[in-house]
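Coordinates from input29.pdb are shown below (PDB, C-alpha atoms).
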```pdb
ATOM      1  CA  MET A 689      19.460   1.861 -60.368
ATOM      2  CA  GLU A 690      15.799   1.819 -61.417
ATOM      3  CA  SER A 691      13.579  -0.483 -59.385
ATOM      4  CA  ARG A 692      12.058  -3.582 -60.950
ATOM      5  CA  GLU A 693       8.580  -2.236 -60.206
ATOM      6  CA  LYS A 694       9.234   0.979 -62.127
ATOM      7  CA  LEU A 695      10.988  -0.742 -65.050
ATOM      8  CA  ILE A 696       8.107  -3.164 -65.626
ATOM      9  CA  ALA A 697       5.561  -0.365 -65.192
ATOM     10  CA  LYS A 698       7.341   1.652 -67.903
ATOM     11  CA  ASP A 699       7.483  -1.432 -70.119
ATOM     12  CA  LEU A 700       3.746  -2.096 -69.817
ATOM     13  CA  LEU A 701       2.918   1.537 -70.485
ATOM     14  CA  SER A 702       5.315   1.683 -73.458
ATOM     15  CA  ILE A 703       3.337  -0.995 -75.319
ATOM     16  CA  LYS A 704      -0.025   0.376 -74.154
ATOM     17  CA  ALA A 705      -0.806  -2.779 -72.181
ATOM     18  CA  VAL A 706      -2.456  -0.608 -69.515
ATOM     19  CA  PHE A 707      -5.699   1.150 -70.378
ATOM     20  CA  PHE A 708      -7.015   4.021 -68.235
ATOM     21  CA  ARG A 709     -10.673   5.042 -68.490
ATOM     22  CA  PRO A 710     -11.681   6.750 -65.233
ATOM     23  CA  ASP A 711     -14.667   8.416 -66.929
ATOM     24  CA  GLU A 712     -15.859   5.309 -68.797
ATOM     25  CA  PRO A 713     -14.857   2.410 -66.529
ATOM     26  CA  PHE A 714     -14.306  -1.145 -67.643
ATOM     27  CA  ILE A 715     -16.585  -3.800 -66.134
ATOM     28  CA  TRP A 716     -14.889  -6.950 -64.869
ATOM     29  CA  ALA A 717     -16.500 -10.397 -64.937
ATOM     30  CA  SER A 718     -17.161  -9.941 -61.202
ATOM     31  CA  GLY A 719     -19.206  -6.816 -61.955
ATOM     32  CA  ILE A 720     -16.623  -4.453 -60.469
ATOM     33  CA  LYS A 721     -16.260  -1.184 -62.364
ATOM     34  CA  SER A 722     -12.600  -0.361 -62.885
ATOM     35  CA  PRO A 723     -10.810   2.707 -64.287
ATOM     36  CA  VAL A 724      -7.919   0.461 -65.340
ATOM     37  CA  TYR A 725      -7.539  -2.609 -67.522
ATOM     38  CA  CYS A 726      -4.173  -4.337 -67.756
ATOM     39  CA  ASP A 727      -3.648  -6.659 -70.746
ATOM     40  CA  ASN A 728      -0.384  -8.445 -70.066
ATOM     41  CA  ARG A 729      -0.916 -10.695 -73.096
ATOM     42  CA  LEU A 730       0.422  -7.821 -75.171
ATOM     43  CA  THR A 731       3.869  -8.447 -73.677
ATOM     44  CA  LEU A 732       4.065 -11.642 -75.714
ATOM     45  CA  THR A 733       4.079  -9.693 -78.988
ATOM     46  CA  ALA A 734       6.671  -7.141 -77.810
ATOM     47  CA  PRO A 735      10.024  -8.994 -77.654
ATOM     48  CA  ASP A 736      11.989  -6.388 -75.669
ATOM     49  CA  VAL A 737       9.275  -6.038 -73.045
ATOM     50  CA  ARG A 738       8.725  -9.794 -73.027
ATOM     51  CA  ASN A 739      12.418 -10.331 -72.262
ATOM     52  CA  ASP A 740      12.236  -7.905 -69.322
ATOM     53  CA  VAL A 741       9.111  -9.564 -67.949
ATOM     54  CA  GLU A 742      10.261 -13.176 -68.298
ATOM     55  CA  ASN A 743      13.748 -12.504 -66.922
ATOM     56  CA  ALA A 744      12.200 -10.641 -63.991
ATOM     57  CA  LEU A 745       9.815 -13.532 -63.295
ATOM     58  CA  ALA A 746      12.756 -15.941 -63.465
ATOM     59  CA  ALA A 747      14.644 -13.749 -60.980
ATOM     60  CA  VAL A 748      11.651 -13.796 -58.610
ATOM     61  CA  VAL A 749      11.546 -17.599 -58.717
ATOM     62  CA  ARG A 750      15.301 -17.846 -58.080
ATOM     63  CA  GLU A 751      15.345 -15.253 -55.290
ATOM     64  CA  GLU A 752      12.021 -15.833 -53.529
ATOM     65  CA  TYR A 753      11.414 -19.545 -54.151
ATOM     66  CA  PRO A 754      14.849 -21.211 -54.446
ATOM     67  CA  GLU A 755      13.391 -24.636 -53.603
ATOM     68  CA  CYS A 756      11.014 -24.583 -56.589
ATOM     69  CA  GLU A 757      10.920 -27.791 -58.662
ATOM     70  CA  VAL A 758       8.007 -27.150 -61.045
ATOM     71  CA  LEU A 759       6.294 -24.078 -62.495
ATOM     72  CA  MET A 760       2.539 -24.132 -63.051
ATOM     73  CA  GLY A 761       0.832 -21.483 -65.166
ATOM     74  CA  THR A 762      -2.708 -20.301 -64.704
ATOM     75  CA  SER A 763      -5.037 -20.894 -67.624
ATOM     76  CA  THR A 764      -4.845 -19.245 -70.006
ATOM     77  CA  ALA A 765      -2.894 -16.057 -69.342
ATOM     78  CA  GLY A 766      -0.128 -17.618 -67.263
ATOM     79  CA  ILE A 767       0.673 -20.523 -69.588
ATOM     80  CA  ALA A 768       3.027 -18.763 -72.006
ATOM     81  CA  HIS A 769       4.847 -16.975 -69.184
ATOM     82  CA  ALA A 770       5.331 -20.222 -67.271
ATOM     83  CA  ALA A 771       6.698 -21.887 -70.415
ATOM     84  CA  ILE A 772       9.197 -19.102 -71.136
ATOM     85  CA  VAL A 773      10.327 -18.811 -67.516
ATOM     86  CA  GLY A 774      10.638 -22.603 -67.357
ATOM     87  CA  HIS A 775      12.893 -22.450 -70.415
ATOM     88  CA  ILE A 776      15.065 -19.721 -68.855
ATOM     89  CA  LEU A 777      15.427 -21.681 -65.618
ATOM     90  CA  GLY A 778      15.669 -25.130 -67.212
ATOM     91  CA  MET A 779      12.701 -26.160 -65.095
ATOM     92  CA  PRO A 780       9.622 -28.331 -65.756
ATOM     93  CA  MET A 781       6.331 -26.518 -66.312
ATOM     94  CA  GLY A 782       2.679 -27.289 -66.732
ATOM     95  CA  TYR A 783      -0.594 -25.500 -66.259
ATOM     96  CA  VAL A 784      -3.899 -25.795 -64.462
ATOM     97  CA  ARG A 785      -7.146 -25.680 -66.398
ATOM     98  CA  SER A 786     -10.101 -23.709 -65.065
ATOM     99  CA  SER A 787     -11.965 -27.035 -64.947
ATOM    100  CA  ALA A 788     -11.203 -30.664 -65.706
ATOM    101  CA  LYS A 789     -11.463 -31.789 -69.324
ATOM    102  CA  ASP A 790     -14.653 -33.637 -70.221
ATOM    103  CA  HIS A 791     -12.770 -35.950 -72.584
ATOM    104  CA  GLY A 792      -9.532 -37.936 -72.809
ATOM    105  CA  ARG A 793      -7.952 -38.420 -69.383
ATOM    106  CA  GLY A 794     -10.089 -35.717 -67.791
ATOM    107  CA  ASN A 795      -7.034 -33.762 -66.630
ATOM    108  CA  GLN A 796      -7.258 -30.453 -64.866
ATOM    109  CA  ILE A 797      -3.500 -30.289 -64.303
ATOM    110  CA  GLU A 798      -1.561 -30.555 -67.560
ATOM    111  CA  GLY A 799       2.048 -31.689 -67.394
ATOM    112  CA  ARG A 800       3.660 -34.132 -64.979
ATOM    113  CA  LEU A 801       3.257 -33.309 -61.290
ATOM    114  CA  GLU A 802       4.324 -35.699 -58.561
ATOM    115  CA  PRO A 803       2.898 -35.549 -55.023
ATOM    116  CA  GLY A 804       5.211 -33.578 -52.753
ATOM    117  CA  GLN A 805       6.829 -31.524 -55.505
ATOM    118  CA  LYS A 806       7.459 -27.878 -54.713
ATOM    119  CA  VAL A 807       5.536 -25.625 -57.093
ATOM    120  CA  VAL A 808       5.428 -21.927 -57.957
ATOM    121  CA  VAL A 809       2.341 -20.641 -59.746
ATOM    122  CA  ILE A 810       2.928 -18.160 -62.582
ATOM    123  CA  GLU A 811       0.085 -15.645 -62.948
ATOM    124  CA  ASP A 812      -0.319 -12.573 -65.138
ATOM    125  CA  LEU A 813      -2.243 -10.352 -62.729
ATOM    126  CA  ILE A 814      -3.981 -10.445 -59.357
ATOM    127  CA  SER A 815      -7.042  -8.422 -58.397
ATOM    128  CA  THR A 816      -9.301 -10.172 -55.874
ATOM    129  CA  ALA A 817      -7.088 -13.328 -56.042
ATOM    130  CA  GLY A 818     -10.018 -15.690 -56.589
ATOM    131  CA  SER A 819      -8.671 -17.279 -59.781
ATOM    132  CA  VAL A 820      -5.139 -17.891 -58.567
ATOM    133  CA  LEU A 821      -6.361 -19.358 -55.289
ATOM    134  CA  GLU A 822      -8.505 -21.854 -57.216
ATOM    135  CA  VAL A 823      -5.315 -22.954 -58.985
ATOM    136  CA  VAL A 824      -3.496 -23.258 -55.662
ATOM    137  CA  LYS A 825      -6.366 -25.362 -54.282
ATOM    138  CA  VAL A 826      -6.222 -27.772 -57.233
ATOM    139  CA  LEU A 827      -2.456 -28.147 -56.891
ATOM    140  CA  ARG A 828      -2.642 -28.724 -53.146
ATOM    141  CA  GLU A 829      -5.360 -31.338 -53.612
ATOM    142  CA  ALA A 830      -3.017 -33.096 -56.058
ATOM    143  CA  GLY A 831      -0.382 -33.268 -53.313
ATOM    144  CA  ALA A 832       1.862 -30.424 -54.444
ATOM    145  CA  GLU A 833       3.594 -28.109 -51.997
ATOM    146  CA  VAL A 834       2.753 -24.651 -53.331
ATOM    147  CA  LEU A 835       5.590 -22.313 -52.357
ATOM    148  CA  GLY A 836       3.787 -19.248 -53.683
ATOM    149  CA  VAL A 837       2.913 -17.165 -56.715
ATOM    150  CA  ALA A 838       5.004 -15.042 -59.082
ATOM    151  CA  SER A 839       2.844 -12.552 -60.990
ATOM    152  CA  ILE A 840       3.406  -9.669 -63.372
ATOM    153  CA  PHE A 841       0.982  -7.177 -61.846
ATOM    154  CA  THR A 842      -1.134  -6.771 -58.731
ATOM    155  CA  TYR A 843      -3.858  -4.269 -57.983
ATOM    156  CA  GLY A 844      -3.047  -4.583 -54.269
ATOM    157  CA  MET A 845      -6.736  -4.739 -53.359
ATOM    158  CA  LYS A 846      -7.499  -5.455 -49.726
ATOM    159  CA  LYS A 847      -9.832  -8.310 -50.661
ATOM    160  CA  GLY A 848      -7.094  -9.990 -52.654
ATOM    161  CA  LEU A 849      -4.450  -9.453 -49.975
ATOM    162  CA  ASP A 850      -6.780 -10.807 -47.281
ATOM    163  CA  ARG A 851      -7.665 -13.880 -49.337
ATOM    164  CA  LEU A 852      -4.019 -14.699 -50.020
ATOM    165  CA  ALA A 853      -3.130 -14.274 -46.357
ATOM    166  CA  GLU A 854      -6.047 -16.453 -45.236
ATOM    167  CA  ALA A 855      -4.977 -19.213 -47.629
ATOM    168  CA  GLY A 856      -1.335 -18.893 -46.562
ATOM    169  CA  VAL A 857      -0.195 -18.036 -50.079
ATOM    170  CA  LYS A 858       2.739 -15.726 -50.769
ATOM    171  CA  ASN A 859       2.636 -13.577 -53.905
ATOM    172  CA  VAL A 860       5.478 -11.557 -55.422
ATOM    173  CA  SER A 861       4.481  -9.231 -58.265
ATOM    174  CA  LEU A 862       6.833  -7.502 -60.685
ATOM    175  CA  THR A 863       4.900  -4.256 -60.458
ATOM    176  CA  ASN A 864       1.766  -2.877 -58.855
ATOM    177  CA  PHE A 865      -1.151  -0.505 -59.264
ATOM    178  CA  ASP A 866       0.379   2.384 -57.344
ATOM    179  CA  THR A 867       3.634   2.287 -59.304
ATOM    180  CA  ILE A 868       1.887   2.150 -62.662
ATOM    181  CA  ALA A 869      -0.382   5.070 -61.709
ATOM    182  CA  ASP A 870       2.588   7.166 -60.565
ATOM    183  CA  VAL A 871       4.707   6.371 -63.640
ATOM    184  CA  ALA A 872       1.752   7.009 -65.966
ATOM    185  CA  ALA A 873       1.325  10.470 -64.460
ATOM    186  CA  GLU A 874       5.080  11.169 -64.643
ATOM    187  CA  ILE A 875       5.259  10.451 -68.374
ATOM    188  CA  GLY A 876       1.980  12.152 -69.252
ATOM    189  CA  TYR A 877       0.103   8.919 -70.006
ATOM    190  CA  ILE A 878      -2.650  10.147 -67.660
ATOM    191  CA  ARG A 879      -3.367  13.432 -65.906
ATOM    192  CA  LYS A 880      -1.727  13.865 -62.509
ATOM    193  CA  GLU A 881      -5.111  14.698 -60.986
ATOM    194  CA  ASP A 882      -6.415  11.257 -62.022
ATOM    195  CA  VAL A 883      -3.969   9.417 -59.731
ATOM    196  CA  ALA A 884      -6.071  10.129 -56.629
ATOM    197  CA  ARG A 885      -9.153   8.752 -58.399
ATOM    198  CA  LEU A 886      -7.307   5.589 -59.333
ATOM    199  CA  ILE A 887      -6.066   5.047 -55.769
ATOM    200  CA  ALA A 888      -9.588   5.686 -54.440
ATOM    201  CA  PHE A 889     -10.839   2.850 -56.666
ATOM    202  CA  ARG A 890      -8.061   0.514 -55.528
ATOM    203  CA  ASN A 891      -8.743   1.266 -51.852
ATOM    204  CA  ASN A 892     -12.505   0.675 -52.113
ATOM    205  CA  PRO A 893     -13.782  -0.739 -55.424
ATOM    206  CA  SER A 894     -17.388  -0.795 -54.152
ATOM    207  CA  ASP A 895     -17.373   3.005 -53.695
ATOM    208  CA  GLU A 896     -17.893   4.395 -57.192
ATOM    209  CA  SER A 897     -17.642   8.067 -56.225
ATOM    210  CA  TRP A 898     -14.366   8.283 -58.211
ATOM    211  CA  ILE A 899     -16.333   7.920 -61.470
ATOM    212  CA  GLY A 900     -16.668  11.306 -63.107
ATOM    213  CA  ALA A 901     -15.011  13.013 -60.120
TER     214      ALA A 901
END
```

Just dump the structure as C-alpha cells.
Amino acid sequence: MESREKLIAKDLLSIKAVFFRPDEPFIWASGIKSPVYCDNRLTLTAPDVRNDVENALAAVVREEYPECEVLMGTSTAGIAHAAIVGHILGMPMGYVRSSAKDHGRGNQIEGRLEPGQKVVVIEDLISTAGSVLEVVKVLREAGAEVLGVASIFTYGMKKGLDRLAEAGVKNVSLTNFDTIADVAAEIGYIRKEDVARLIAFRNNPSDESWIGA
C-alpha cells in the first residue's frame, strides 16, 4: 500500500502545487532563497486532491490527537483546511489572526475557545516554524491546551525542528520535502541530478552554493 507521504506528494505534484526553480530561486519573506515553492492553496480548487488532503488531515487528528476538542486554523492558509476537517470530524473550528483586529471586539482568536480546551492547529506548511509557533503562543495565552499541529507539508529544516522542540510542540505533516523531491524525480517533474541540490538547500538554507550548481 502506498504511504500517505507519497500519495500526498503525488497529489501536490499532479496539480502543479509545487514549483521547482533551482536556477532562479524564489525569495521568501524572511529573505531565504529557495529552489522550491509549495502553494497548497491550489488543493482547494482540485476536488480529488482536496479530498485526499482533508481526509488525511482528519486521520492525523484522529490517530495522533484523539483528545482534540477544537481545531484552530492558521491565518489565512490554514482556515479553509481547518473548516473542512472540522466538518469531516464533526468538530468545532476557529482560526487565529496574525494580529488582533483594530475594530469590533478586537479578537485575535475567531470562534469560541474556552480555557482548558484541547486544541490542534491546522497549518498548510512549515518551514522555519515561526508563524505556527506564534499561533500556538496566542492559543496558550488564551488558556488552551495545544496538543500539537497537523500540517500538509514540512520542509524539515533544522531551524524549524529545533524551534518546535524548544516550544514543546508536536507536528505531524502529511508529506515532506524529501518525499516530494524523490517523487518529482521519479515521475520526471525535475531532473534526478537536481535532488541533491534541493536536499543541500534543505540541510543548510544559508549556504547558497546549490544555486547554479

Do you have, as a Markdown table, the list of residues of range 708-741 of chain A lying at most 12 Å from range 876-883 of chain A, each with its nearest atom pair and that distance in Å to one decimal, counting all atoms listed in the file and ordered by chain then number?
```
| residue | atom | partner | partner_atom | distance |
| --- | --- | --- | --- | --- |
| A:Phe708 | CA | A:Ile878 | CA | 7.5 |
| A:Arg709 | CA | A:Ile878 | CA | 9.5 |
| A:Pro710 | CA | A:Asp882 | CA | 7.6 |
| A:Asp711 | CA | A:Asp882 | CA | 10.0 |
| A:Pro723 | CA | A:Asp882 | CA | 9.9 |
| A:Val724 | CA | A:Ile878 | CA | 11.3 |
```

task = Any chance you could resolve the PyMOL selection byres ((chain A and resi 802) around 9) against this file and give the residues as an NGL selection string?
result = :A and (800-801 or 803-805 or 830-832)

task = List every protein, DNA or RNA residue that has at least one atom no more than 12 Å from (15.7, -18.3, -58.3) in the file's coordinates, counting all atoms listed in the file, and write the result as an MDAnalysis selection string.
result = chainID A and resid 743:757 759 773:774 776:779 808 838

request  = Go through A:Ile875, A:Ser839, A:Asp870, A:Ala697 and flag the residue nearest Lys858 in chain A, using all atoms listed in the file for the distances.
outcome  =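 Selected residue with least distance to Lys858 in chain A: A:Ser839.
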
inquiry  = Which residues are near Ala768 in chain A? Cut-off 12 Å, only C-alpha atoms, ignore same chain within fewer than 5 positions. Put them as a count of residues only.
reply    = 23

Your completed range 741-752 of chain A with all heavy atoms, as a PDB file, in the coordinates of the input:
```pdb
ATOM      1  N   VAL A 741      10.109  -8.911 -68.808  1.00  0.00           N
ATOM      2  CA  VAL A 741       9.111  -9.564 -67.949  1.00  0.00           C
ATOM      3  C   VAL A 741       9.538 -10.977 -67.578  1.00  0.00           C
ATOM      4  O   VAL A 741       9.519 -11.362 -66.393  1.00  0.00           O
ATOM      5  CB  VAL A 741       7.733  -9.578 -68.647  1.00  0.00           C
ATOM      6  CG1 VAL A 741       6.763 -10.528 -67.924  1.00  0.00           C
ATOM      7  CG2 VAL A 741       7.146  -8.177 -68.699  1.00  0.00           C
ATOM      8  N   GLU A 742       9.935 -11.765 -68.577  1.00  0.00           N
ATOM      9  CA  GLU A 742      10.261 -13.176 -68.298  1.00  0.00           C
ATOM     10  C   GLU A 742      11.532 -13.304 -67.458  1.00  0.00           C
ATOM     11  O   GLU A 742      11.613 -14.145 -66.557  1.00  0.00           O
ATOM     12  CB  GLU A 742      10.391 -13.965 -69.601  1.00  0.00           C
ATOM     13  CG  GLU A 742       9.256 -13.803 -70.589  1.00  0.00           C
ATOM     14  CD  GLU A 742       7.861 -14.068 -70.036  1.00  0.00           C
ATOM     15  OE1 GLU A 742       7.724 -14.627 -68.932  1.00  0.00           O
ATOM     16  OE2 GLU A 742       6.886 -13.706 -70.731  1.00  0.00           O
ATOM     17  N   ASN A 743      12.527 -12.461 -67.736  1.00  0.00           N
ATOM     18  CA  ASN A 743      13.748 -12.504 -66.922  1.00  0.00           C
ATOM     19  C   ASN A 743      13.481 -12.051 -65.491  1.00  0.00           C
ATOM     20  O   ASN A 743      14.078 -12.570 -64.539  1.00  0.00           O
ATOM     21  CB  ASN A 743      14.840 -11.651 -67.564  1.00  0.00           C
ATOM     22  CG  ASN A 743      15.501 -12.343 -68.746  1.00  0.00           C
ATOM     23  OD1 ASN A 743      15.888 -13.506 -68.651  1.00  0.00           O
ATOM     24  ND2 ASN A 743      15.632 -11.652 -69.857  1.00  0.00           N
ATOM     25  N   ALA A 744      12.560 -11.088 -65.343  1.00  0.00           N
ATOM     26  CA  ALA A 744      12.200 -10.641 -63.991  1.00  0.00           C
ATOM     27  C   ALA A 744      11.432 -11.729 -63.248  1.00  0.00           C
ATOM     28  O   ALA A 744      11.662 -11.953 -62.047  1.00  0.00           O
ATOM     29  CB  ALA A 744      11.381  -9.362 -64.058  1.00  0.00           C
ATOM     30  N   LEU A 745      10.532 -12.416 -63.938  1.00  0.00           N
ATOM     31  CA  LEU A 745       9.815 -13.532 -63.295  1.00  0.00           C
ATOM     32  C   LEU A 745      10.792 -14.641 -62.904  1.00  0.00           C
ATOM     33  O   LEU A 745      10.680 -15.227 -61.813  1.00  0.00           O
ATOM     34  CB  LEU A 745       8.740 -14.088 -64.236  1.00  0.00           C
ATOM     35  CG  LEU A 745       7.475 -13.250 -64.396  1.00  0.00           C
ATOM     36  CD1 LEU A 745       6.598 -13.815 -65.516  1.00  0.00           C
ATOM     37  CD2 LEU A 745       6.665 -13.187 -63.095  1.00  0.00           C
ATOM     38  N   ALA A 746      11.744 -14.918 -63.779  1.00  0.00           N
ATOM     39  CA  ALA A 746      12.756 -15.941 -63.465  1.00  0.00           C
ATOM     40  C   ALA A 746      13.558 -15.528 -62.233  1.00  0.00           C
ATOM     41  O   ALA A 746      13.863 -16.366 -61.358  1.00  0.00           O
ATOM     42  CB  ALA A 746      13.674 -16.162 -64.663  1.00  0.00           C
ATOM     43  N   ALA A 747      13.890 -14.238 -62.137  1.00  0.00           N
ATOM     44  CA  ALA A 747      14.644 -13.749 -60.980  1.00  0.00           C
ATOM     45  C   ALA A 747      13.827 -13.897 -59.706  1.00  0.00           C
ATOM     46  O   ALA A 747      14.372 -14.258 -58.643  1.00  0.00           O
ATOM     47  CB  ALA A 747      15.032 -12.288 -61.184  1.00  0.00           C
ATOM     48  N   VAL A 748      12.515 -13.636 -59.779  1.00  0.00           N
ATOM     49  CA  VAL A 748      11.651 -13.796 -58.610  1.00  0.00           C
ATOM     50  C   VAL A 748      11.651 -15.244 -58.147  1.00  0.00           C
ATOM     51  O   VAL A 748      11.760 -15.537 -56.945  1.00  0.00           O
ATOM     52  CB  VAL A 748      10.211 -13.330 -58.924  1.00  0.00           C
ATOM     53  CG1 VAL A 748       9.239 -13.816 -57.843  1.00  0.00           C
ATOM     54  CG2 VAL A 748      10.159 -11.811 -59.026  1.00  0.00           C
ATOM     55  N   VAL A 749      11.545 -16.177 -59.090  1.00  0.00           N
ATOM     56  CA  VAL A 749      11.546 -17.599 -58.717  1.00  0.00           C
ATOM     57  C   VAL A 749      12.873 -17.969 -58.065  1.00  0.00           C
ATOM     58  O   VAL A 749      12.899 -18.633 -57.014  1.00  0.00           O
ATOM     59  CB  VAL A 749      11.270 -18.494 -59.953  1.00  0.00           C
ATOM     60  CG1 VAL A 749      11.422 -19.976 -59.577  1.00  0.00           C
ATOM     61  CG2 VAL A 749       9.876 -18.228 -60.509  1.00  0.00           C
ATOM     62  N   ARG A 750      13.981 -17.527 -58.646  1.00  0.00           N
ATOM     63  CA  ARG A 750      15.301 -17.846 -58.080  1.00  0.00           C
ATOM     64  C   ARG A 750      15.481 -17.243 -56.686  1.00  0.00           C
ATOM     65  O   ARG A 750      15.995 -17.902 -55.774  1.00  0.00           O
ATOM     66  CB  ARG A 750      16.406 -17.329 -59.006  1.00  0.00           C
ATOM     67  CG  ARG A 750      16.706 -18.194 -60.201  1.00  0.00           C
ATOM     68  CD  ARG A 750      18.009 -17.784 -60.876  1.00  0.00           C
ATOM     69  NE  ARG A 750      17.946 -16.424 -61.379  1.00  0.00           N
ATOM     70  CZ  ARG A 750      17.719 -16.090 -62.647  1.00  0.00           C
ATOM     71  NH1 ARG A 750      17.529 -17.045 -63.540  1.00  0.00           N
ATOM     72  NH2 ARG A 750      17.686 -14.833 -63.018  1.00  0.00           N
ATOM     73  N   GLU A 751      15.069 -15.978 -56.539  1.00  0.00           N
ATOM     74  CA  GLU A 751      15.345 -15.253 -55.290  1.00  0.00           C
ATOM     75  C   GLU A 751      14.352 -15.582 -54.177  1.00  0.00           C
ATOM     76  O   GLU A 751      14.726 -15.713 -53.005  1.00  0.00           O
ATOM     77  CB  GLU A 751      15.300 -13.749 -55.565  1.00  0.00           C
ATOM     78  CG  GLU A 751      16.396 -13.254 -56.500  1.00  0.00           C
ATOM     79  CD  GLU A 751      16.091 -11.893 -57.100  1.00  0.00           C
ATOM     80  OE1 GLU A 751      15.119 -11.242 -56.635  1.00  0.00           O
ATOM     81  OE2 GLU A 751      16.809 -11.472 -58.027  1.00  0.00           O
ATOM     82  N   GLU A 752      13.071 -15.682 -54.541  1.00  0.00           N
ATOM     83  CA  GLU A 752      12.021 -15.833 -53.529  1.00  0.00           C
ATOM     84  C   GLU A 752      11.628 -17.288 -53.275  1.00  0.00           C
ATOM     85  O   GLU A 752      11.143 -17.616 -52.196  1.00  0.00           O
ATOM     86  CB  GLU A 752      10.773 -15.042 -53.954  1.00  0.00           C
ATOM     87  CG  GLU A 752      11.005 -13.549 -54.173  1.00  0.00           C
ATOM     88  CD  GLU A 752      11.227 -12.798 -52.870  1.00  0.00           C
ATOM     89  OE1 GLU A 752      10.839 -13.325 -51.802  1.00  0.00           O
ATOM     90  OE2 GLU A 752      11.803 -11.690 -52.929  1.00  0.00           O
TER      91      GLU A 752
END
```
